[in-house]
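First comes the structure, then the notes that go with it.
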Amino acid sequence: MNTSKKLKTFGLTFLLLGFIGLSTVQAQPTVVNTPTGSPTVVYEIGVLAPISGELAPLGQGLLDGVRAAAWEINRSADFGFNVTLNIQDSKAEETAAVTAYNVLKAAGCELIIGAAGSSASKAVAELARVDHIPQISYASTAEMLSNPLYDYFWRTVPKDSLQAEGLAELIDEVGYTDIVIVHRGDDYGTGFGDSLKTEFRGLGSNVSSQISYFPGTTDFSVTVSSIKAAVNAEAIAMISYVIDGGSFITEVRNAGIDLPIFGTDGIADASILNASETTATIVEDAQYTLGTRPHSFGTGEGKFDDFNASLQALEAAGLAYFGGKISLFSDFAYDAMMVGCLAIEEAGAYDGELVNAEIAAVGKGYIGATGNKTFSSLGDVTQSTYDVWQFQDGTVKAVGSWSSADGVELFSNFVDPEDFELKTTAPGFSILFGLAGVAILLFYKKRTKK
């Protein structure tokens, strides 16, 4: 085994051990530092989070968002109760999510925050509706969750069909008219991929190929070969999570493919640039990866300042992994917890059926850390805008915006992929062809001397 393979094996081993270790963290009721003199009534709120699995790089940040809301609730005169958190590892996949849900149900939780991963949330929604336990997801965006059958399912993040429209318009605005769509073969990836194809073709542009891969894939050689076969493609649109996305981008660049990659909120986190978390090696080429994500508020917007202050207080108390950087969907997790607990307060009892009946009312006009949380009859937020993001200087930068009303606006800090010199980790096709040409000429010269 060569040195690079050994390092990769060691890295994956330690990454796995880290995930296993994290999966045992917080898998029990957790008091969020309840202050002295606070209400004696304490409710245990269930939380489903990807502490391990394909979304594990986001897991602790999501928990920070829920903890920040709990911290605030336990110190606010607006609530006549305190909360503890029963956090279970849903791994962003169906089987683990169902197991985790059953643990929370057995513990008597009448409100569940989560899950991440649309397939995981769907599996829980099918059970929660029967058990009359409201579920508020902070990160599950698949279109199929907008279903009247799931009348106990809500989400603080907008559904994918809207983002597909924005991503299609972004790719068109930047100047690409022929793309390859690569997506996870699950509810999230397939639904988004189909919507994106429809939206992009609706703009008069072409989708050369739509390629699906199995969740959990680590070897993308077949996918890469399919991309090479799409000779007219000018860009790649990718719908993935952080870990599989990092692996995919790495293999694409190692194969010498220099097409820009447009992604979604699924990879819009700096953890994808951290090889110890995702095995990705794309730091040098980061600006060649951009995309869309639900807009995150900043200072002075909605409850962002309250959210940020609670995060800092948690970190000072040693109860958060904040590190000065707000993780992807952490603010949506904060809003999910706040809306759920406002519904408990309005219901006057910790009873799932009563709480569910109040969620639409408390969400109407509520401006949280991520915007207006007014819900539709299907549990979707009805108003949303999107950031155009790009990896720059090792971080995710907002370089534009999109809304259905205003379309795409690119800011002055946007770097056009056409103006960026890609440093692929393997020789590009032009170099390979050039070397081949040199070899042929040398061979020809040698033959003519004979």
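Chain labels A, B, ... are given in the sequence in which chains occur in the structure tokens; within each chain residues are numbered consecutively from 1, and ligands are likewise numbered from 1 in the order shown.
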
Report as JSON lines: every residue of range 249-275 of chain A with an atom at most 10 Å from range 41-57 of chain A, its closest pair of atoms, and their distance in Å to one decimal, counting only C-alpha atoms, with rows sorted by chain and ascending residue number.
{"residue": "A:Gly266", "atom": "CA", "partner": "A:Leu55", "partner_atom": "CA", "distance": 8.8}
{"residue": "A:Ile267", "atom": "CA", "partner": "A:Leu55", "partner_atom": "CA", "distance": 9.7}
{"residue": "A:Asp269", "atom": "CA", "partner": "A:Pro57", "partner_atom": "CA", "distance": 8.8}
{"residue": "A:Ala270", "atom": "CA", "partner": "A:Pro57", "partner_atom": "CA", "distance": 9.6}
{"residue": "A:Ser271", "atom": "CA", "partner": "A:Pro57", "partner_atom": "CA", "distance": 6.4}
{"residue": "A:Ile272", "atom": "CA", "partner": "A:Pro57", "partner_atom": "CA", "distance": 8.3}
{"residue": "A:Asn274", "atom": "CA", "partner": "A:Pro57", "partner_atom": "CA", "distance": 9.7}

Within 10 Å of range 398-411 of chain A, counting only C-alpha atoms, which residues qualify if same-chain residues fewer than 6 places away don't, as JSON, numbers by chain?
-> {"A": [162, 163, 165, 166, 167, 169, 170, 171, 172, 173, 174, 290, 291, 292, 293, 294, 295, 296, 383, 384, 385, 386, 387, 388, 389, 390, 391, 392]}

Apply DSSP to the structure's backbone, then extract all residues of range 252-444 of chain A labelled strand (DSSP E) and return them as number ranges by chain.
-> A: 261-263, 289-294, 367-368, 371-372, 386-392, 395-403, 407-410

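Closest approach to Ala309 in chain A among A:Glu72, A:Glu251, A:Asp419, A:Asp187 is made by A:Glu72 (distances from only C-alpha atoms).
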
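A straight line drawn from CA of Gly363 in chain A to CA of Ala116 in chain A is 20.5 Å long.
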
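Between Ser212 in chain A and the residues A:Leu149, A:Val130, A:Ala333, A:Ala237, the shortest atom-to-atom distance, using only C-alpha atoms, involves A:Ala237.
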
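What separates CA of Asp131 in chain A from CA of Tyr101 in chain A is a distance of 11.0 Å.
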
Hey, what does DSSP flag as helix (DSSP H, G or I) within range 143-197 of chain A? Can you give it to me as a list in words?
->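 These are the residues in question: Glu143, Met144, Leu145, Asp160, Ser161, Leu162, Gln163, Ala164, Glu165, Gly166, Leu167, Ala168, Glu169, Leu170, Ile171, Asp172, Glu173, Val174, Asp187, Tyr188, Gly189, Thr190, Gly191, Phe192, Gly193, Asp194, Ser195, Leu196 and Lys197 of chain A.
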
Which residues, written as a VMD selection string, have at least one atom at most 10 Å from Leu354 in chain A, with only C-alpha atoms counted and residues fewer than 3 positions away on the same chain left out?
-> chain A and resid 110 132 to 134 343 to 344 346 to 351 357 to 359

Output as a Markdown table one row per residue of range 176-238 of chain A within 12 Å of range 87-98 of chain A: the closest atom pair and its distance in Å to one decimal place, counting only C-alpha atoms, sorted by chain and residue number ascending.
| residue | atom | partner | partner_atom | distance |
| --- | --- | --- | --- | --- |
| A:Asp186 | CA | A:Glu93 | CA | 10.0 |
| A:Asp187 | CA | A:Glu93 | CA | 10.9 |
| A:Tyr188 | CA | A:Ala92 | CA | 11.2 |
| A:Pro215 | CA | A:Glu93 | CA | 9.5 |
| A:Gly216 | CA | A:Glu93 | CA | 10.4 |

Find the residues around Asp306 in chain A up to 12 Å (only C-alpha atoms counted), leave out those fewer than 2 positions away in its own chain, and share them as an MDAnalysis selection string.
-> chainID A and resid 65 68:69 71:73 76 297:304 308:313 331 334:335 338 367:370

Polymer residues at most 9 Å from Ala168 in chain A, only C-alpha atoms, same-chain spacing of 4 or more positions, as a PyMOL selection string | chain A and resi 163-164+172-173+196-197+199-201+203

Produce a file of the selected residues containing N, CA and C atoms, as a CSV table (one decimal), in the first residue's frame.
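And here is the file that came out, again.csv:
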chain,number,residue,atom,x,y,z
A,163,GLN,N,-36.1,26.1,-4.7
A,163,GLN,CA,-34.6,26.2,-4.9
A,163,GLN,C,-34.2,25.8,-6.3
A,164,ALA,N,-34.8,24.7,-6.8
A,164,ALA,CA,-34.5,24.3,-8.2
A,164,ALA,C,-34.7,25.4,-9.2
A,172,ASP,N,-28.0,29.7,-15.6
A,172,ASP,CA,-28.3,30.4,-16.8
A,172,ASP,C,-27.7,31.8,-16.8
A,173,GLU,N,-27.8,32.5,-15.6
A,173,GLU,CA,-27.3,33.8,-15.5
A,173,GLU,C,-25.8,33.9,-15.6
A,196,LEU,N,-35.0,20.3,-11.1
A,196,LEU,CA,-34.0,21.2,-11.7
A,196,LEU,C,-34.0,20.9,-13.2
A,197,LYS,N,-34.1,19.7,-13.7
A,197,LYS,CA,-34.1,19.4,-15.1
A,197,LYS,C,-35.3,20.1,-15.8
A,199,GLU,N,-36.9,22.9,-14.7
A,199,GLU,CA,-36.7,24.3,-14.6
A,199,GLU,C,-35.6,24.8,-15.7
A,200,PHE,N,-34.6,24.0,-15.8
A,200,PHE,CA,-33.5,24.4,-16.7
A,200,PHE,C,-33.9,24.3,-18.1
A,201,ARG,N,-34.6,23.2,-18.4
A,201,ARG,CA,-35.1,23.1,-19.8
A,201,ARG,C,-36.1,24.2,-20.1
A,203,LEU,N,-36.0,27.1,-19.4
A,203,LEU,CA,-35.3,28.3,-19.7
A,203,LEU,C,-34.7,28.3,-21.2

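In terms of minimum interatomic distance to Ile243 in chain A, A:Arg184 ranks closest within A:Lys228, A:Lys364, A:Arg184, A:Arg75, counting only C-alpha atoms.
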